[in-house]
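To start, the structure under review is shown below, and the notes come after it.
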Amino acid sequence: MPNPLYDALFAPLAHRAGPLLILQDSETITGTAFHAMIARAANALRAAGVQAGDRVAVQIAKSPEALAIYAATVSIGAVFLPLNPAYTPPEVGYFLTDATPRLFLCDPAKAEALAAVASQTTLKTLDAKGDGSFGEDIAAADAQFVPQIRLGSDLAAILYTSGTTGRSKGAMLTQDNLLSNAQTLADLWRFTQTDVLLHALPIFHTHGLFVASNVSLLTGGQMIFLPTFELGTVLRLLPQATALMGVPTFYTRLLEDARFDRGLTAHMRLFVSGSAPLLAETHRQFHARTGQSILERYGMTETNMNTSNPYDGERRAGTVGFPLPGVELRIMADGAEVPQGGVGGIEVRGPNVFAGYWQMPEKTREELRPDGWFITGDLGQIDPDGYVQIVGRAKDLVISGGFNIYPIEVELALDDHPDVLESAVIGLPHPDFGEAVFAVLVAQKGRTLDADAVLASLSDRLARFKQPKAAVVVAELPRNTMGKVQKAALRASYAAWFQPKA
Ligand code: AMP
């Protein structure tokens with residue numbers, strides 16, 4: 001009885017006596033034991049009243065049980081809706097009201113604080129060790145179950161966009177969206193059952209939940225399944241891994257540690273980076289230190305993955321590679337495709353693209369064209385060899401005195417200064433220019449930065465209108481859990497910078 005995701009990802013585990021998950025204390029969970037955990041979680045979900053099509057919202061710590069609940073939800077035809085544990089009760093309240101899940105799982109320690117916002121749903125609890133009321137339900141449930149029949153076009157998950165401005169939107173992802181992308185990535189990145197993926201990403205986000213977990217499960221490999229990226233643990237367990245998928249901050253943190261060297265990485269087959277731009281400098285440093293090139297790819301909540309640097313061939317720093325097989329990508333401006341090399345809005349189409357925003361038909365119409373093209377909201381360009389480069393988010397484009405300024409161009413120029421570690425360029429309200437270019441700088445370790453001197457160094461490099469009108473130095477840039485620089489937060493912090501003083 002078909003349930004495409006269950007059949008491809010989870011059913012084979014029933015016959016897999018060998019290890020599937022390796023935990024941080026080196027304890028392992030076999031495929032058969034994990035399959036039994038999925039079956040018990042599926043029965044516990046059904047016992048809680050969850051039926052096909054119902055949403056199951058979870059705000060729980062990453063654990064084998066949490067992964068099994070994802071699998072169980074999909075297997076019984078329900079819709080998995082993971083939430084970042086960092087969300088506050090009012091934020092969780094928004095998601096629960098919007099998605100009306102049948103069941104909401106949270107950490108026992110937060111149950112009291114969340115009870116009020118979860119009053120319209122059934123609330124059960126689970127912690128990282130598997131304890132809590134739902135943990136008891138799982139333990140007591142039967143390990144035999146029959147999956148629900150599903151079509152590829154049925155929903156498997158709703159992931160809310162991390163949207164830093166406006167309301168967060170629920171991206172509806174079908175079984176086919178997830179499966180087609182996992183198959184494409186597994187082939188392109190040559191995953192096999194001999195792979196051991198070091199999995200230190202959160203599983204409330206597309207990167208850790210779908211890219212990492214689905215690819216590994218689909219190909220029958222093992223995962224070193226860590227609750228978070230803790231440098232010491234990652235360095236200790238790296239010798240057992242063949243592949244690592246990370247956000248750029250994983251790589252900068254590894255490079256900061258002298259123990260991370262050629263010896264420690266020689267056996268590794270693949271390092272993947274995504275979810276935020278990897279600095280070309282990090283790419284180069286990594287190569288110099290390990291002899292290997294990080295493979296950078298590009299995707300988003302609504303589309304899974306869109307592009308990837310090649311497995312064989314040049315992995316070009318500062319680019320996200322080529323459209324994935326089966327995925328079309330175009331660069332659009334003013335309703336037409338821009339000539340090769342020009343900058344414009346990135347649009348993608350393919351089996352990876354989501355089914356629309358949950359109960360937001362207008363938003364869906366604004367961003368998903370009737371012929372299937374999705375307007376990503378990212379600006380990009382394609383170099384003469386076909387590599388796609390992300391120039392920034394469309395909403396981060398700075399328009400100053402009528403000129404368009406792409407933050408990345410200014411950031412790359414700033415980052416070239418020997419004392420600058422990294423930078424973020426934003427537009428701030430300005431009485432004359434509408435917006436003015438503003439730079440937030442972080443100094444290289446052990447260096448002090450003179451913001452004015454850094455700005456002066458741009459005078460020969462960038463047209464005057466692109467040069468920041470002011471800059472500040474900060475200890476670090478504000479980032480979310482996926483390593484994305486929070487430009488909206490920076491704009492809010494410095495909003496009054498160019499305003500006339502009262
Ligand atoms: P999310 O929906 O949270 O996965 O965020 C998706 C956004 O992250 C994309 O629209 C891009 O703006 C950004 N992003 C993802 N991967 C990359 C990458 N490799 N380089 C630059 N930006 C990226």
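Here, A, B, ... name the chains of the structure tokens in the order displayed, residue numbers run from 1 inside each chain, and ligands are numbered from 1 in the same displayed order.
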Taking only C-alpha atoms and all ligand atoms into account, which residues are within 7 Å of ligand 1, as a PyMOL selection string? chain A and resi 161-162+206-207+273-278+296-302+320+376-378+390+392-393
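For range 437-449 of chain A, the residues within 8 Å (counting only C-alpha atoms, excluding itself and residues fewer than 5 positions away along the chain) are Val398, Ser400, Pro418, Asp419, Val420, Leu421, Glu422, Ser423, Ala424, Val425, Ile426, Gly427, Leu428, Val454, Lys466, Gln467, Pro468, Lys469, Ala470, Ala471, Val472, Val473, Val474, Ala475, Glu476 and Leu477 of chain A.
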Now that the selection is made, can you save its residues with C-alpha atoms as a PDB file, in the first residue's frame?
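Written output follows (result06.pdb):
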ATOM      1  CA  VAL A 398      19.655  49.321  -1.103  1.00  0.00           C
ATOM      2  CA  SER A 400      20.242  55.286  -2.583  1.00  0.00           C
ATOM      3  CA  PRO A 418      43.126  42.990   5.907  1.00  0.00           C
ATOM      4  CA  ASP A 419      41.655  44.005   9.276  1.00  0.00           C
ATOM      5  CA  VAL A 420      38.047  43.122   8.425  1.00  0.00           C
ATOM      6  CA  LEU A 421      36.792  39.645   9.279  1.00  0.00           C
ATOM      7  CA  GLU A 422      33.306  40.153   7.882  1.00  0.00           C
ATOM      8  CA  SER A 423      30.728  42.819   7.218  1.00  0.00           C
ATOM      9  CA  ALA A 424      27.046  43.460   6.653  1.00  0.00           C
ATOM     10  CA  VAL A 425      25.848  46.265   4.419  1.00  0.00           C
ATOM     11  CA  ILE A 426      22.344  47.666   4.868  1.00  0.00           C
ATOM     12  CA  GLY A 427      20.287  50.629   3.723  1.00  0.00           C
ATOM     13  CA  LEU A 428      19.114  53.129   6.334  1.00  0.00           C
ATOM     14  CA  VAL A 454      38.223  50.966   6.096  1.00  0.00           C
ATOM     15  CA  LYS A 466      28.077  52.405  -3.493  1.00  0.00           C
ATOM     16  CA  GLN A 467      30.480  53.470  -0.756  1.00  0.00           C
ATOM     17  CA  PRO A 468      28.950  53.352   2.713  1.00  0.00           C
ATOM     18  CA  LYS A 469      28.192  56.791   4.118  1.00  0.00           C
ATOM     19  CA  ALA A 470      29.039  55.541   7.605  1.00  0.00           C
ATOM     20  CA  ALA A 471      30.208  52.401   9.358  1.00  0.00           C
ATOM     21  CA  VAL A 472      30.271  50.942  12.850  1.00  0.00           C
ATOM     22  CA  VAL A 473      32.423  48.210  14.359  1.00  0.00           C
ATOM     23  CA  VAL A 474      30.720  45.463  16.368  1.00  0.00           C
ATOM     24  CA  ALA A 475      32.015  42.358  18.148  1.00  0.00           C
ATOM     25  CA  GLU A 476      29.841  40.040  16.053  1.00  0.00           C
ATOM     26  CA  LEU A 477      26.981  40.154  13.580  1.00  0.00           C
TER      27      LEU A 477
END
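Closest approach to Ala463 in chain A from the set A:Glu230, A:Glu281, A:Glu409, A:Asp7 is made by A:Glu409, with distances taken over only C-alpha atoms.
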For Thr194 in chain A, find every residue with an atom within 10 Å (counting only C-alpha atoms), except residues of its own chain fewer than 4 positions away, and show them as a VMD selection string. chain A and resid 219 to 222 242
Just write the chosen residues, all heavy atoms, as a PDB file, in the first residue's frame.
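Contents of part06.pdb, as written:
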ATOM      1  N   THR A 219      19.428   6.625   1.327  1.00  0.00           N
ATOM      2  CA  THR A 219      20.535   5.858   0.765  1.00  0.00           C
ATOM      3  C   THR A 219      21.049   4.789   1.726  1.00  0.00           C
ATOM      4  O   THR A 219      22.013   4.102   1.419  1.00  0.00           O
ATOM      5  CB  THR A 219      21.689   6.801   0.371  1.00  0.00           C
ATOM      6  OG1 THR A 219      21.943   7.697   1.455  1.00  0.00           O
ATOM      7  CG2 THR A 219      21.313   7.610  -0.855  1.00  0.00           C
ATOM      8  N   GLY A 220      20.400   4.678   2.877  1.00  0.00           N
ATOM      9  CA  GLY A 220      20.739   3.572   3.781  1.00  0.00           C
ATOM     10  C   GLY A 220      22.022   3.764   4.559  1.00  0.00           C
ATOM     11  O   GLY A 220      22.608   2.793   5.059  1.00  0.00           O
ATOM     12  N   GLY A 221      22.475   5.011   4.690  1.00  0.00           N
ATOM     13  CA  GLY A 221      23.696   5.267   5.454  1.00  0.00           C
ATOM     14  C   GLY A 221      23.423   5.408   6.944  1.00  0.00           C
ATOM     15  O   GLY A 221      22.297   5.199   7.412  1.00  0.00           O
ATOM     16  N   GLN A 222      24.475   5.763   7.668  1.00  0.00           N
ATOM     17  CA  GLN A 222      24.342   6.001   9.112  1.00  0.00           C
ATOM     18  C   GLN A 222      24.459   7.502   9.379  1.00  0.00           C
ATOM     19  O   GLN A 222      25.055   8.228   8.599  1.00  0.00           O
ATOM     20  CB  GLN A 222      25.444   5.283   9.878  1.00  0.00           C
ATOM     21  CG  GLN A 222      25.425   3.781   9.728  1.00  0.00           C
ATOM     22  CD  GLN A 222      26.628   3.139  10.401  1.00  0.00           C
ATOM     23  OE1 GLN A 222      27.029   3.534  11.486  1.00  0.00           O
ATOM     24  NE2 GLN A 222      27.213   2.155   9.742  1.00  0.00           N
ATOM     25  N   THR A 242      31.961  10.204   7.181  1.00  0.00           N
ATOM     26  CA  THR A 242      32.446  10.354   5.800  1.00  0.00           C
ATOM     27  C   THR A 242      31.979  11.675   5.196  1.00  0.00           C
ATOM     28  O   THR A 242      32.519  12.127   4.195  1.00  0.00           O
ATOM     29  CB  THR A 242      31.913   9.229   4.885  1.00  0.00           C
ATOM     30  OG1 THR A 242      30.478   9.330   4.826  1.00  0.00           O
ATOM     31  CG2 THR A 242      32.301   7.852   5.398  1.00  0.00           C
TER      32      THR A 242
END
Got a sec to tell me which of range 54-205 of chain A DSSP assigns to strand (DSSP E or B), as a ChimeraX atom specification? /A:55-59,79-82,103-106,122-125,155-160,170-174,196-199
Which residues in range 277-308 of chain A does DSSP call helix (DSSP H, G or I)? List them as a PyMOL selection string. chain A and resi 280-290
Those residues with N, CA and C atoms, as a compact mmCIF listing (two decimals), in the first residue's frame please?
# COMPACT_ATOMS: atom_id res chain seq x y z
N ALA A 280 33.89 33.57 0.56
CA ALA A 280 34.91 33.00 -0.32
C ALA A 280 36.19 32.76 0.47
N GLU A 281 36.43 33.64 1.45
CA GLU A 281 37.63 33.52 2.29
C GLU A 281 37.60 32.21 3.09
N THR A 282 36.43 31.85 3.60
CA THR A 282 36.31 30.60 4.36
C THR A 282 36.58 29.42 3.41
N HIS A 283 36.03 29.50 2.21
CA HIS A 283 36.24 28.46 1.20
C HIS A 283 37.75 28.27 0.96
N ARG A 284 38.44 29.37 0.80
CA ARG A 284 39.88 29.31 0.51
C ARG A 284 40.67 28.78 1.71
N GLN A 285 40.34 29.30 2.90
CA GLN A 285 41.04 28.84 4.11
C GLN A 285 40.84 27.34 4.31
N PHE A 286 39.62 26.90 4.06
CA PHE A 286 39.30 25.49 4.26
C PHE A 286 40.15 24.63 3.32
N HIS A 287 40.26 25.10 2.09
CA HIS A 287 41.04 24.35 1.11
C HIS A 287 42.51 24.33 1.51
N ALA A 288 42.99 25.49 1.95
CA ALA A 288 44.40 25.57 2.33
C ALA A 288 44.67 24.63 3.51
N ARG A 289 43.73 24.55 4.46
CA ARG A 289 43.95 23.74 5.67
C ARG A 289 43.78 22.25 5.42
N THR A 290 42.80 21.88 4.61
CA THR A 290 42.45 20.46 4.50
C THR A 290 42.76 19.85 3.13
Each residue of range 154-176 of chain A with at least one atom at most 9 Å from range 89-98 of chain A should appear once, together with its nearest atom pair and the corresponding distance in Å (one decimal); atoms considered: only C-alpha atoms; ordering: chain, then increasing residue number; output as JSON lines.
{"residue": "A:Tyr160", "atom": "CA", "partner": "A:Phe95", "partner_atom": "CA", "distance": 8.2}
{"residue": "A:Ser168", "atom": "CA", "partner": "A:Phe95", "partner_atom": "CA", "distance": 8.5}
{"residue": "A:Gly170", "atom": "CA", "partner": "A:Phe95", "partner_atom": "CA", "distance": 8.5}
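Between Met172 in chain A and the residues A:Tyr70, A:Phe433, A:Phe191, A:Phe80, the shortest atom-to-atom distance, using only C-alpha atoms, involves A:Phe80.
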For Asn404 in chain A, the nearest of the candidates A:Glu362, A:Glu337, A:Glu435, A:Asp261, counting only C-alpha atoms: A:Glu435
Considering only C-alpha atoms, state which residue in the set A:Leu295, A:Leu45, A:Ala413, A:Val247 is at the smallest distance from Arg269 in chain A.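 Ranking A:Leu295, A:Leu45, A:Ala413, A:Val247 by distance to Arg269 in chain A, first place goes to A:Leu295.
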Nearest to Arg369 in chain A among A:Gly53, A:Pro64, A:Gly335, A:Gly342, with distances taken over only C-alpha atoms: which residue is it?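 That would be A:Gly335, the residue with the smallest distance to Arg369 in chain A.
If you count only C-alpha atoms and ignore residues fewer than 3 places along the chain from range 343-347 of chain A, what sits within 8 Å of it is Leu329, Arg330, Ile331, Met332, Ala333, Val338, Trp373, Phe374, Ile375, Thr376, Gly377, Asp378, Leu379, Gly380, Gln381, Val391 and Ala394 of chain A.
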Take the selection from the previous step and output its residues with N, CA and C atoms, as a PDB file, in the first residue's frame.
ATOM      1  N   LEU A 329      16.036  27.268 -13.513  1.00  0.00           N
ATOM      2  CA  LEU A 329      16.321  28.520 -12.798  1.00  0.00           C
ATOM      3  C   LEU A 329      16.467  29.638 -13.803  1.00  0.00           C
ATOM      4  N   ARG A 330      15.846  30.788 -13.506  1.00  0.00           N
ATOM      5  CA  ARG A 330      16.012  31.938 -14.404  1.00  0.00           C
ATOM      6  C   ARG A 330      16.163  33.209 -13.573  1.00  0.00           C
ATOM      7  N   ILE A 331      16.754  34.220 -14.224  1.00  0.00           N
ATOM      8  CA  ILE A 331      16.986  35.503 -13.566  1.00  0.00           C
ATOM      9  C   ILE A 331      16.087  36.524 -14.245  1.00  0.00           C
ATOM     10  N   MET A 332      15.212  37.138 -13.480  1.00  0.00           N
ATOM     11  CA  MET A 332      14.182  37.997 -14.070  1.00  0.00           C
ATOM     12  C   MET A 332      14.287  39.443 -13.570  1.00  0.00           C
ATOM     13  N   ALA A 333      13.999  40.376 -14.475  1.00  0.00           N
ATOM     14  CA  ALA A 333      13.862  41.782 -14.082  1.00  0.00           C
ATOM     15  C   ALA A 333      12.813  42.419 -14.981  1.00  0.00           C
ATOM     16  N   VAL A 338      16.718  38.395 -17.761  1.00  0.00           N
ATOM     17  CA  VAL A 338      17.797  39.361 -17.997  1.00  0.00           C
ATOM     18  C   VAL A 338      18.861  38.717 -18.878  1.00  0.00           C
ATOM     19  N   TRP A 373       6.543  28.752 -11.798  1.00  0.00           N
ATOM     20  CA  TRP A 373       7.785  29.444 -11.394  1.00  0.00           C
ATOM     21  C   TRP A 373       7.594  30.078 -10.018  1.00  0.00           C
ATOM     22  N   PHE A 374       8.548  29.859  -9.128  1.00  0.00           N
ATOM     23  CA  PHE A 374       8.503  30.452  -7.792  1.00  0.00           C
ATOM     24  C   PHE A 374       9.479  31.620  -7.717  1.00  0.00           C
ATOM     25  N   ILE A 375       8.960  32.746  -7.256  1.00  0.00           N
ATOM     26  CA  ILE A 375       9.789  33.948  -7.129  1.00  0.00           C
ATOM     27  C   ILE A 375      10.480  33.865  -5.776  1.00  0.00           C
ATOM     28  N   THR A 376      11.779  33.564  -5.793  1.00  0.00           N
ATOM     29  CA  THR A 376      12.454  33.210  -4.533  1.00  0.00           C
ATOM     30  C   THR A 376      12.641  34.399  -3.600  1.00  0.00           C
ATOM     31  N   GLY A 377      12.681  35.610  -4.161  1.00  0.00           N
ATOM     32  CA  GLY A 377      13.006  36.769  -3.317  1.00  0.00           C
ATOM     33  C   GLY A 377      14.508  36.976  -3.175  1.00  0.00           C
ATOM     34  N   ASP A 378      15.289  36.101  -3.814  1.00  0.00           N
ATOM     35  CA  ASP A 378      16.741  36.284  -3.830  1.00  0.00           C
ATOM     36  C   ASP A 378      17.138  36.947  -5.138  1.00  0.00           C
ATOM     37  N   LEU A 379      18.175  37.771  -5.055  1.00  0.00           N
ATOM     38  CA  LEU A 379      18.732  38.371  -6.271  1.00  0.00           C
ATOM     39  C   LEU A 379      19.978  37.592  -6.656  1.00  0.00           C
ATOM     40  N   GLY A 380      20.155  37.395  -7.950  1.00  0.00           N
ATOM     41  CA  GLY A 380      21.334  36.627  -8.353  1.00  0.00           C
ATOM     42  C   GLY A 380      21.762  36.952  -9.754  1.00  0.00           C
ATOM     43  N   GLN A 381      22.848  36.317 -10.135  1.00  0.00           N
ATOM     44  CA  GLN A 381      23.330  36.419 -11.500  1.00  0.00           C
ATOM     45  C   GLN A 381      24.019  35.103 -11.861  1.00  0.00           C
ATOM     46  N   VAL A 391      23.237  37.390  -4.897  1.00  0.00           N
ATOM     47  CA  VAL A 391      23.698  38.757  -4.656  1.00  0.00           C
ATOM     48  C   VAL A 391      23.064  39.318  -3.382  1.00  0.00           C
ATOM     49  N   ALA A 394      16.110  40.309  -2.224  1.00  0.00           N
ATOM     50  CA  ALA A 394      15.553  41.481  -2.906  1.00  0.00           C
ATOM     51  C   ALA A 394      15.212  42.564  -1.888  1.00  0.00           C
TER      52      ALA A 394
END
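Residue nearest Gly49 in chain A, chosen from A:Thr192, A:Gly77, A:Ala17, A:Arg102 and counting only C-alpha atoms: A:Arg102.
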Name all residues at most 10 Å from Ile22 in chain A (count only C-alpha atoms; drop same-chain ones fewer than 6 positions away) and give them as a short mmCIF file (atom, residue, chain, number, x, y, z; two decimals) with N, CA, C and O atoms, in the first residue's frame.
data_model
loop_
_atom_site.label_atom_id
_atom_site.label_comp_id
_atom_site.auth_asym_id
_atom_site.auth_seq_id
_atom_site.Cartn_x
_atom_site.Cartn_y
_atom_site.Cartn_z
N THR A 28 24.50 3.35 20.03
CA THR A 28 23.92 3.32 18.68
C THR A 28 22.49 2.81 18.72
O THR A 28 22.09 2.10 19.63
N ILE A 29 21.74 3.21 17.71
CA ILE A 29 20.37 2.72 17.54
C ILE A 29 20.32 2.03 16.18
O ILE A 29 20.69 2.64 15.17
N THR A 30 19.90 0.78 16.16
CA THR A 30 19.89 0.04 14.89
C THR A 30 18.69 0.47 14.05
O THR A 30 17.74 1.08 14.55
N PRO A 64 16.62 11.21 18.84
CA PRO A 64 16.14 10.13 17.98
C PRO A 64 14.61 10.06 17.99
O PRO A 64 13.98 9.84 16.95
N VAL A 196 28.62 7.78 6.43
CA VAL A 196 28.27 8.13 7.80
C VAL A 196 28.22 9.66 7.85
O VAL A 196 29.24 10.33 7.72
N LEU A 197 27.01 10.18 7.95
CA LEU A 197 26.83 11.64 7.90
C LEU A 197 26.89 12.21 9.31
O LEU A 197 26.14 11.78 10.20
N LEU A 198 27.78 13.17 9.51
CA LEU A 198 27.79 13.86 10.82
C LEU A 198 26.66 14.89 10.79
O LEU A 198 26.72 15.84 10.02
N HIS A 199 25.65 14.64 11.61
CA HIS A 199 24.42 15.43 11.59
C HIS A 199 24.36 16.28 12.86
O HIS A 199 23.99 15.78 13.92
N GLN A 222 24.48 5.76 7.67
CA GLN A 222 24.34 6.00 9.11
C GLN A 222 24.46 7.50 9.38
O GLN A 222 25.05 8.23 8.60
N MET A 223 23.94 7.91 10.53
CA MET A 223 24.09 9.31 10.94
C MET A 223 24.67 9.37 12.34
O MET A 223 24.20 8.66 13.23
N ILE A 224 25.69 10.21 12.51
CA ILE A 224 26.13 10.56 13.86
C ILE A 224 25.22 11.70 14.25
O ILE A 224 25.31 12.80 13.69
N PHE A 225 24.28 11.42 15.15
CA PHE A 225 23.14 12.30 15.36
C PHE A 225 23.38 13.11 16.64
O PHE A 225 23.18 12.61 17.74
N LEU A 226 23.81 14.37 16.46
CA LEU A 226 24.20 15.19 17.61
C LEU A 226 23.13 16.25 17.90
O LEU A 226 22.55 16.82 16.96
N LEU A 237 34.22 13.14 16.98
CA LEU A 237 33.50 12.13 16.21
C LEU A 237 33.76 12.18 14.70
O LEU A 237 33.41 11.26 13.98
N GLN A 240 34.92 9.23 12.58
CA GLN A 240 33.98 8.15 12.22
C GLN A 240 33.10 8.51 11.04
O GLN A 240 32.33 7.68 10.56
#
Selection near Ala72 in chain A, 6 Å with only C-alpha atoms, sequence-local residues under 4 positions removed, as JSON, numbers by chain: {"A": [38, 41, 42, 68]}
Near-Ala66 in chain A list (9 Å; only C-alpha atoms; drop same-chain fewer than 3 positions) as number ranges by chain: A: 58, 60-63, 69-71, 126, 128, 130, 203
